[in-house]
>>> print(open('data_31.cif').read())   # mmCIF, N, CA and C atoms
data_final
loop_
_atom_site.label_atom_id
_atom_site.label_comp_id
_atom_site.auth_asym_id
_atom_site.auth_seq_id
_atom_site.Cartn_x
_atom_site.Cartn_y
_atom_site.Cartn_z
N MET A 20 -13.53 -22.46 -11.36
CA MET A 20 -12.37 -21.60 -11.48
C MET A 20 -12.48 -20.83 -12.79
N SER A 21 -12.28 -19.52 -12.75
CA SER A 21 -12.38 -18.70 -13.95
C SER A 21 -11.11 -18.82 -14.78
N ASP A 22 -11.16 -18.32 -16.02
CA ASP A 22 -9.99 -18.35 -16.89
C ASP A 22 -8.83 -17.59 -16.25
N GLY A 23 -9.13 -16.46 -15.60
CA GLY A 23 -8.10 -15.67 -14.92
C GLY A 23 -7.46 -16.46 -13.78
N ASP A 24 -8.28 -17.19 -13.03
CA ASP A 24 -7.75 -18.03 -11.95
C ASP A 24 -6.87 -19.14 -12.50
N ASP A 25 -7.29 -19.76 -13.61
CA ASP A 25 -6.49 -20.81 -14.26
C ASP A 25 -5.15 -20.24 -14.73
N PHE A 26 -5.18 -19.08 -15.34
CA PHE A 26 -3.97 -18.42 -15.83
C PHE A 26 -3.02 -18.15 -14.67
N ASN A 27 -3.54 -17.56 -13.59
CA ASN A 27 -2.71 -17.27 -12.42
C ASN A 27 -2.15 -18.55 -11.82
N ALA A 28 -2.95 -19.60 -11.75
CA ALA A 28 -2.50 -20.87 -11.19
C ALA A 28 -1.36 -21.46 -12.03
N ARG A 29 -1.47 -21.36 -13.35
CA ARG A 29 -0.41 -21.87 -14.23
C ARG A 29 0.88 -21.07 -14.05
N ILE A 30 0.76 -19.75 -14.02
CA ILE A 30 1.94 -18.89 -13.85
C ILE A 30 2.57 -19.14 -12.48
N THR A 31 1.76 -19.26 -11.45
CA THR A 31 2.26 -19.52 -10.09
C THR A 31 3.01 -20.85 -10.04
N ALA A 32 2.47 -21.89 -10.65
CA ALA A 32 3.12 -23.20 -10.65
C ALA A 32 4.45 -23.12 -11.41
N GLU A 33 4.46 -22.44 -12.55
CA GLU A 33 5.69 -22.30 -13.32
C GLU A 33 6.73 -21.50 -12.53
N PHE A 34 6.30 -20.42 -11.88
CA PHE A 34 7.18 -19.59 -11.05
C PHE A 34 7.87 -20.45 -9.99
N ARG A 35 7.10 -21.23 -9.28
CA ARG A 35 7.65 -22.05 -8.19
C ARG A 35 8.55 -23.17 -8.72
N ALA A 36 8.18 -23.78 -9.83
CA ALA A 36 8.98 -24.87 -10.40
C ALA A 36 10.29 -24.36 -11.00
N SER A 37 10.31 -23.10 -11.41
CA SER A 37 11.47 -22.52 -12.11
C SER A 37 12.22 -21.49 -11.26
N HIS A 38 12.00 -21.52 -9.94
CA HIS A 38 12.73 -20.63 -9.02
C HIS A 38 12.51 -19.15 -9.36
N GLY A 39 11.28 -18.81 -9.70
CA GLY A 39 10.92 -17.41 -9.93
C GLY A 39 10.95 -16.95 -11.36
N LYS A 40 11.20 -17.84 -12.29
CA LYS A 40 11.22 -17.46 -13.71
C LYS A 40 9.99 -18.03 -14.40
N VAL A 41 9.44 -17.25 -15.32
CA VAL A 41 8.30 -17.72 -16.11
C VAL A 41 8.51 -17.35 -17.57
N GLY A 42 7.80 -18.03 -18.44
CA GLY A 42 7.91 -17.77 -19.87
C GLY A 42 6.68 -17.06 -20.40
N GLY A 43 6.39 -17.32 -21.64
CA GLY A 43 5.21 -16.72 -22.27
C GLY A 43 5.31 -15.21 -22.28
N PRO A 44 4.20 -14.53 -22.00
CA PRO A 44 4.21 -13.07 -22.07
C PRO A 44 5.09 -12.41 -20.99
N PHE A 45 5.53 -13.19 -20.01
CA PHE A 45 6.36 -12.65 -18.92
C PHE A 45 7.82 -13.06 -19.04
N GLU A 46 8.20 -13.65 -20.16
CA GLU A 46 9.58 -14.09 -20.37
C GLU A 46 10.56 -12.95 -20.09
N GLY A 47 11.47 -13.18 -19.15
CA GLY A 47 12.50 -12.19 -18.82
C GLY A 47 12.07 -11.08 -17.89
N ALA A 48 10.81 -11.02 -17.54
CA ALA A 48 10.31 -9.95 -16.67
C ALA A 48 10.52 -10.34 -15.20
N PRO A 49 10.83 -9.37 -14.35
CA PRO A 49 10.93 -9.66 -12.92
C PRO A 49 9.53 -9.95 -12.37
N MET A 50 9.41 -11.11 -11.71
CA MET A 50 8.10 -11.55 -11.23
C MET A 50 8.10 -11.75 -9.73
N VAL A 51 6.95 -11.50 -9.13
CA VAL A 51 6.72 -11.70 -7.70
C VAL A 51 5.38 -12.42 -7.55
N LEU A 52 5.30 -13.25 -6.52
CA LEU A 52 4.00 -13.81 -6.14
C LEU A 52 3.53 -13.04 -4.92
N LEU A 53 2.40 -12.39 -5.06
CA LEU A 53 1.82 -11.54 -4.02
C LEU A 53 0.76 -12.35 -3.27
N HIS A 54 0.95 -12.52 -1.98
CA HIS A 54 -0.02 -13.23 -1.14
C HIS A 54 -0.88 -12.19 -0.43
N THR A 55 -2.15 -12.15 -0.73
CA THR A 55 -3.06 -11.21 -0.07
C THR A 55 -4.17 -11.99 0.61
N ARG A 56 -4.87 -11.29 1.51
CA ARG A 56 -6.07 -11.85 2.14
C ARG A 56 -7.25 -11.04 1.63
N GLY A 57 -8.33 -11.74 1.31
CA GLY A 57 -9.52 -11.07 0.81
C GLY A 57 -10.01 -10.00 1.78
N ALA A 58 -10.35 -8.83 1.26
CA ALA A 58 -10.81 -7.72 2.09
C ALA A 58 -12.05 -8.09 2.89
N ARG A 59 -12.96 -8.85 2.27
CA ARG A 59 -14.19 -9.26 2.97
C ARG A 59 -14.12 -10.68 3.49
N THR A 60 -13.48 -11.57 2.71
CA THR A 60 -13.51 -12.98 3.06
C THR A 60 -12.37 -13.43 3.95
N GLY A 61 -11.23 -12.74 3.88
CA GLY A 61 -10.05 -13.17 4.61
C GLY A 61 -9.35 -14.35 3.97
N ILE A 62 -9.84 -14.83 2.83
CA ILE A 62 -9.24 -15.97 2.14
C ILE A 62 -7.94 -15.53 1.47
N GLU A 63 -6.90 -16.36 1.63
CA GLU A 63 -5.62 -16.03 0.99
C GLU A 63 -5.71 -16.22 -0.51
N ARG A 64 -5.12 -15.28 -1.22
CA ARG A 64 -5.03 -15.32 -2.68
C ARG A 64 -3.56 -15.14 -3.05
N VAL A 65 -3.18 -15.72 -4.17
CA VAL A 65 -1.82 -15.55 -4.69
C VAL A 65 -1.92 -15.03 -6.11
N ASN A 66 -1.27 -13.89 -6.35
CA ASN A 66 -1.29 -13.28 -7.67
C ASN A 66 0.13 -13.09 -8.18
N PRO A 67 0.43 -13.62 -9.37
CA PRO A 67 1.73 -13.35 -9.99
C PRO A 67 1.69 -11.96 -10.64
N LEU A 68 2.71 -11.18 -10.35
CA LEU A 68 2.77 -9.81 -10.88
C LEU A 68 4.20 -9.49 -11.31
N MET A 69 4.31 -8.58 -12.26
CA MET A 69 5.61 -7.99 -12.55
C MET A 69 5.91 -6.99 -11.44
N TYR A 70 7.19 -6.84 -11.14
CA TYR A 70 7.58 -5.84 -10.16
C TYR A 70 8.79 -5.08 -10.65
N MET A 71 9.07 -3.98 -9.97
CA MET A 71 10.27 -3.21 -10.23
C MET A 71 11.00 -3.04 -8.91
N ALA A 72 12.28 -3.44 -8.89
CA ALA A 72 13.10 -3.22 -7.70
C ALA A 72 13.35 -1.72 -7.56
N ASP A 73 13.26 -1.23 -6.32
CA ASP A 73 13.47 0.19 -6.04
C ASP A 73 14.22 0.30 -4.72
N GLY A 74 15.54 0.21 -4.78
CA GLY A 74 16.33 0.15 -3.56
C GLY A 74 15.98 -1.12 -2.81
N ASP A 75 15.56 -0.96 -1.55
CA ASP A 75 15.18 -2.14 -0.77
C ASP A 75 13.67 -2.41 -0.83
N ARG A 76 12.98 -1.74 -1.75
CA ARG A 76 11.54 -1.95 -1.92
C ARG A 76 11.27 -2.68 -3.23
N TYR A 77 10.08 -3.25 -3.29
CA TYR A 77 9.57 -3.86 -4.51
C TYR A 77 8.31 -3.10 -4.88
N LEU A 78 8.24 -2.60 -6.11
CA LEU A 78 7.06 -1.85 -6.55
C LEU A 78 6.20 -2.72 -7.45
N VAL A 79 4.89 -2.71 -7.19
CA VAL A 79 3.93 -3.40 -8.05
C VAL A 79 2.91 -2.38 -8.52
N PHE A 80 2.28 -2.69 -9.64
CA PHE A 80 1.46 -1.74 -10.37
C PHE A 80 0.07 -2.33 -10.58
N ALA A 81 -0.96 -1.65 -10.08
CA ALA A 81 -2.34 -2.16 -10.13
C ALA A 81 -2.99 -1.82 -11.47
N SER A 82 -2.39 -2.29 -12.55
CA SER A 82 -2.82 -1.91 -13.89
C SER A 82 -4.08 -2.62 -14.37
N LYS A 83 -4.22 -3.89 -14.01
CA LYS A 83 -5.35 -4.71 -14.48
C LYS A 83 -5.52 -4.57 -16.00
N GLY A 84 -4.37 -4.52 -16.69
CA GLY A 84 -4.41 -4.46 -18.16
C GLY A 84 -5.07 -3.22 -18.71
N GLY A 85 -5.17 -2.16 -17.90
CA GLY A 85 -5.80 -0.93 -18.36
C GLY A 85 -7.31 -0.88 -18.13
N ALA A 86 -7.83 -1.81 -17.34
CA ALA A 86 -9.28 -1.81 -17.04
C ALA A 86 -9.65 -0.57 -16.23
N ASP A 87 -10.92 -0.23 -16.26
CA ASP A 87 -11.40 0.94 -15.53
C ASP A 87 -11.66 0.67 -14.05
N THR A 88 -11.46 -0.55 -13.62
CA THR A 88 -11.61 -0.89 -12.20
C THR A 88 -10.28 -1.41 -11.66
N HIS A 89 -10.09 -1.25 -10.36
CA HIS A 89 -8.88 -1.74 -9.72
C HIS A 89 -8.91 -3.26 -9.62
N PRO A 90 -7.73 -3.88 -9.66
CA PRO A 90 -7.69 -5.33 -9.44
C PRO A 90 -8.04 -5.66 -7.99
N ALA A 91 -8.60 -6.83 -7.78
CA ALA A 91 -9.00 -7.24 -6.43
C ALA A 91 -7.81 -7.26 -5.48
N TRP A 92 -6.64 -7.67 -5.97
CA TRP A 92 -5.48 -7.73 -5.06
C TRP A 92 -5.14 -6.37 -4.48
N TYR A 93 -5.36 -5.30 -5.24
CA TYR A 93 -5.10 -3.94 -4.75
C TYR A 93 -6.06 -3.60 -3.60
N LEU A 94 -7.33 -3.90 -3.78
CA LEU A 94 -8.31 -3.63 -2.73
C LEU A 94 -8.01 -4.47 -1.49
N ASN A 95 -7.55 -5.71 -1.70
CA ASN A 95 -7.17 -6.56 -0.57
C ASN A 95 -5.98 -5.97 0.19
N LEU A 96 -5.01 -5.40 -0.55
CA LEU A 96 -3.85 -4.77 0.10
C LEU A 96 -4.25 -3.56 0.93
N LEU A 97 -5.22 -2.81 0.46
CA LEU A 97 -5.68 -1.65 1.24
C LEU A 97 -6.26 -2.11 2.58
N ALA A 98 -6.96 -3.23 2.56
CA ALA A 98 -7.58 -3.75 3.78
C ALA A 98 -6.58 -4.46 4.69
N HIS A 99 -5.61 -5.15 4.08
CA HIS A 99 -4.63 -5.96 4.83
C HIS A 99 -3.24 -5.71 4.24
N PRO A 100 -2.55 -4.64 4.65
CA PRO A 100 -1.28 -4.28 4.01
C PRO A 100 -0.07 -5.11 4.43
N ASP A 101 -0.16 -5.90 5.48
CA ASP A 101 0.97 -6.74 5.90
C ASP A 101 0.79 -8.12 5.28
N ILE A 102 1.65 -8.43 4.32
CA ILE A 102 1.51 -9.64 3.52
C ILE A 102 2.87 -10.31 3.36
N ASP A 103 2.87 -11.40 2.60
CA ASP A 103 4.11 -12.05 2.17
C ASP A 103 4.19 -11.99 0.66
N ILE A 104 5.43 -11.95 0.17
CA ILE A 104 5.68 -12.08 -1.25
C ILE A 104 6.71 -13.18 -1.46
N GLU A 105 6.69 -13.75 -2.65
CA GLU A 105 7.71 -14.72 -3.05
C GLU A 105 8.48 -14.10 -4.21
N ILE A 106 9.81 -14.09 -4.06
CA ILE A 106 10.70 -13.68 -5.13
C ILE A 106 11.74 -14.79 -5.24
N GLY A 107 11.82 -15.39 -6.41
CA GLY A 107 12.69 -16.56 -6.56
C GLY A 107 12.21 -17.63 -5.60
N ASP A 108 13.12 -18.15 -4.78
CA ASP A 108 12.77 -19.18 -3.81
C ASP A 108 12.55 -18.62 -2.42
N GLU A 109 12.57 -17.30 -2.28
CA GLU A 109 12.48 -16.66 -0.96
C GLU A 109 11.07 -16.11 -0.71
N THR A 110 10.58 -16.33 0.51
CA THR A 110 9.33 -15.72 0.96
C THR A 110 9.71 -14.58 1.90
N ILE A 111 9.15 -13.40 1.64
CA ILE A 111 9.54 -12.18 2.36
C ILE A 111 8.29 -11.54 2.96
N PRO A 112 8.28 -11.28 4.27
CA PRO A 112 7.17 -10.52 4.86
C PRO A 112 7.35 -9.04 4.52
N VAL A 113 6.29 -8.41 4.02
CA VAL A 113 6.36 -7.00 3.61
C VAL A 113 5.15 -6.22 4.11
N HIS A 114 5.30 -4.90 4.08
CA HIS A 114 4.20 -3.97 4.35
C HIS A 114 3.97 -3.18 3.07
N ALA A 115 2.72 -3.07 2.65
CA ALA A 115 2.36 -2.37 1.42
C ALA A 115 1.94 -0.94 1.72
N GLU A 116 2.44 -0.03 0.90
CA GLU A 116 2.07 1.39 1.02
C GLU A 116 1.94 1.98 -0.38
N GLU A 117 0.83 2.65 -0.64
CA GLU A 117 0.60 3.24 -1.96
C GLU A 117 1.42 4.52 -2.11
N LEU A 118 2.09 4.64 -3.26
CA LEU A 118 2.82 5.86 -3.57
C LEU A 118 1.85 6.89 -4.13
N LYS A 119 2.12 8.14 -3.83
CA LYS A 119 1.23 9.23 -4.26
C LYS A 119 2.02 10.30 -4.99
N GLY A 120 1.30 11.13 -5.74
CA GLY A 120 1.86 12.33 -6.34
C GLY A 120 3.05 12.10 -7.25
N ALA A 121 4.06 12.97 -7.11
CA ALA A 121 5.22 12.96 -7.99
C ALA A 121 5.99 11.65 -7.91
N GLU A 122 6.09 11.07 -6.70
CA GLU A 122 6.82 9.82 -6.58
C GLU A 122 6.11 8.71 -7.37
N ARG A 123 4.79 8.65 -7.25
CA ARG A 123 4.02 7.66 -8.01
C ARG A 123 4.23 7.85 -9.51
N ASP A 124 4.12 9.11 -9.95
CA ASP A 124 4.25 9.41 -11.38
C ASP A 124 5.63 9.02 -11.91
N GLU A 125 6.67 9.33 -11.14
CA GLU A 125 8.04 9.01 -11.54
C GLU A 125 8.25 7.50 -11.66
N LYS A 126 7.78 6.76 -10.68
CA LYS A 126 7.98 5.32 -10.68
C LYS A 126 7.16 4.64 -11.77
N TYR A 127 5.93 5.13 -12.00
CA TYR A 127 5.13 4.53 -13.07
C TYR A 127 5.77 4.80 -14.42
N ALA A 128 6.27 6.02 -14.63
CA ALA A 128 6.92 6.36 -15.90
C ALA A 128 8.16 5.49 -16.11
N GLU A 129 8.91 5.23 -15.05
CA GLU A 129 10.09 4.37 -15.16
C GLU A 129 9.69 2.95 -15.58
N GLN A 130 8.65 2.41 -14.95
CA GLN A 130 8.18 1.07 -15.32
C GLN A 130 7.69 1.05 -16.76
N ALA A 131 6.98 2.09 -17.18
CA ALA A 131 6.47 2.17 -18.55
C ALA A 131 7.60 2.28 -19.57
N SER A 132 8.70 2.90 -19.19
CA SER A 132 9.83 2.99 -20.12
C SER A 132 10.53 1.63 -20.24
N ARG A 133 10.54 0.85 -19.16
CA ARG A 133 11.14 -0.49 -19.20
C ARG A 133 10.25 -1.49 -19.91
N PHE A 134 8.95 -1.39 -19.67
CA PHE A 134 7.97 -2.31 -20.22
C PHE A 134 6.83 -1.48 -20.81
N PRO A 135 6.88 -1.16 -22.11
CA PRO A 135 5.93 -0.24 -22.74
C PRO A 135 4.46 -0.63 -22.59
N GLY A 136 4.16 -1.87 -22.30
CA GLY A 136 2.77 -2.26 -22.08
C GLY A 136 2.13 -1.45 -20.96
N PHE A 137 2.92 -1.03 -19.98
CA PHE A 137 2.37 -0.24 -18.88
C PHE A 137 1.93 1.15 -19.34
N ALA A 138 2.61 1.71 -20.33
CA ALA A 138 2.17 2.98 -20.91
C ALA A 138 0.83 2.77 -21.60
N ASP A 139 0.69 1.65 -22.30
CA ASP A 139 -0.57 1.34 -22.98
C ASP A 139 -1.71 1.17 -21.97
N TYR A 140 -1.43 0.50 -20.84
CA TYR A 140 -2.46 0.31 -19.83
C TYR A 140 -3.00 1.65 -19.35
N GLN A 141 -2.10 2.61 -19.10
CA GLN A 141 -2.54 3.91 -18.59
C GLN A 141 -3.38 4.65 -19.62
N LYS A 142 -3.03 4.48 -20.90
CA LYS A 142 -3.79 5.13 -21.97
C LYS A 142 -5.21 4.59 -22.09
N LYS A 143 -5.39 3.31 -21.71
CA LYS A 143 -6.71 2.66 -21.85
C LYS A 143 -7.72 3.09 -20.79
N THR A 144 -7.25 3.68 -19.68
CA THR A 144 -8.16 3.96 -18.58
C THR A 144 -8.07 5.41 -18.13
N SER A 145 -9.16 5.90 -17.56
CA SER A 145 -9.13 7.25 -17.00
C SER A 145 -8.66 7.25 -15.55
N ARG A 146 -8.59 6.08 -14.91
CA ARG A 146 -8.13 6.04 -13.52
C ARG A 146 -6.61 6.16 -13.48
N VAL A 147 -6.11 6.69 -12.40
CA VAL A 147 -4.67 6.70 -12.18
C VAL A 147 -4.30 5.32 -11.63
N ILE A 148 -3.43 4.63 -12.33
CA ILE A 148 -3.05 3.27 -11.91
C ILE A 148 -2.19 3.36 -10.66
N PRO A 149 -2.62 2.73 -9.58
CA PRO A 149 -1.85 2.78 -8.33
C PRO A 149 -0.49 2.06 -8.43
N VAL A 150 0.47 2.65 -7.72
CA VAL A 150 1.79 2.04 -7.56
C VAL A 150 1.93 1.74 -6.07
N ILE A 151 2.27 0.49 -5.77
CA ILE A 151 2.37 0.04 -4.38
C ILE A 151 3.81 -0.33 -4.07
N ALA A 152 4.35 0.25 -3.00
CA ALA A 152 5.69 -0.09 -2.53
C ALA A 152 5.55 -1.17 -1.47
N LEU A 153 6.32 -2.22 -1.63
CA LEU A 153 6.36 -3.33 -0.67
C LEU A 153 7.71 -3.28 0.03
N SER A 154 7.69 -3.02 1.33
CA SER A 154 8.92 -2.90 2.12
C SER A 154 8.98 -4.02 3.14
N ARG A 155 10.18 -4.57 3.33
CA ARG A 155 10.35 -5.65 4.31
C ARG A 155 9.88 -5.23 5.68
N ARG A 156 9.20 -6.17 6.35
CA ARG A 156 8.79 -5.94 7.73
C ARG A 156 9.85 -6.49 8.66
#
>>> encode(input="data_31.cif", output="structure tokens")
Amino acid sequence: MSDGDDFNARITAEFRASHGKVGGPFEGAPMVLLHTRGARTGIERVNPLMYMADGDRYLVFASKGGADTHPAWYLNLLAHPDIDIEIGDETIPVHAEELKGAERDEKYAEQASRFPGFADYQKKTSRVIPVIALSRR
């Protein structure tokens, strides 16, 4: 298991034990557990992510800390967009759709104003960080 896998496993365990709340660098941030299936393997993965509520949608941001490559969970969502998420104690079936153009820019700017680390992530990379809307199925 890699350090990233260990980190995600610890955050996931804390999320579930605390009814969706976590501490450390995510203290007070809205968190979701994203269940994806591997694009090639079909193996289920669980990734803890910050999200932004947007009406009846949940928005997640494929920032990968400003890396120049997309996170694996984003590529998995492109291959398998019908997934489940956990928010608090609830598991919700959702469909993932990438936001484009002005809507993407507006939503990313809103997230960056709430959590300035997202502005830093965008500055670190030349790629446009994807914004994914998760809507109930």
>>> resolve_selection(input="data_31.cif", expression="the PyMOL selection byres (((chain A and resi 152 and name CA) around 10) and name CA)", output="JSON, numbers by chain")
{"A": [70, 71, 72, 73, 75, 76, 77, 78, 79, 80, 113, 114, 115, 116, 117, 118, 123, 149, 150, 151, 153, 154, 155]}
>>> closest_residue(input="data_31.cif", among="A:Lys126, A:His89, A:Arg133, A:His54", to="A:Glu105", atoms="only N, CA and C atoms")
A:His54
>>> atom_distance(input="data_31.cif", atom1="atom N of A:Ala48", atom2="atom CA of A:Ala98")
29.1 Å
>>> closest_residue(input="data_31.cif", among="A:Phe137, A:Glu109, A:Arg29, A:Asn66", to="A:Gly42", atoms="only C-alpha atoms")
A:Arg29
>>> atom_distance(input="data_31.cif", atom1="atom C of A:Ser37", atom2="atom CA of A:Thr110")
13.8 Å
>>> residues_around(input="data_31.cif", residues="stretch 139-141 of chain A", least_positions_apart="4", cutoff="8 Å", atoms="all atoms listed in the file", output="ChimeraX atom specification")
/A:82-86,131,134-135,145-148
>>> atom_distance(input="data_31.cif", atom1="atom CA of A:His99", atom2="atom CA of A:Glu129")
26.9 Å
>>> select_by_dssp(input="data_31.cif", residues="chain A", states="helix (DSSP H, G or I)", output="PyMOL selection string")
chain A and resi 22-36+43-45+83-85+91-98+120-133+136-143
>>> closest_residue(input="data_31.cif", among="A:Gly57, A:Ala121, A:Leu94, A:Pro67", to="A:Glu33", atoms="only C-alpha atoms")
A:Pro67
>>> closest_residue(input="data_31.cif", among="A:Thr60, A:Ala28, A:Leu53, A:Ala81", to="A:Tyr127", atoms="only C-alpha atoms")
A:Ala81
>>> closest_residue(input="data_31.cif", among="A:Lys143, A:Gly61, A:Ala32, A:Gly39", to="A:Asp108", atoms="all atoms listed in the file")
A:Gly39
>>> closest_residue(input="data_31.cif", among="A:Leu68, A:Thr31, A:Glu122, A:Leu96", to="A:Pro49", atoms="only N, CA and C atoms")
A:Leu68
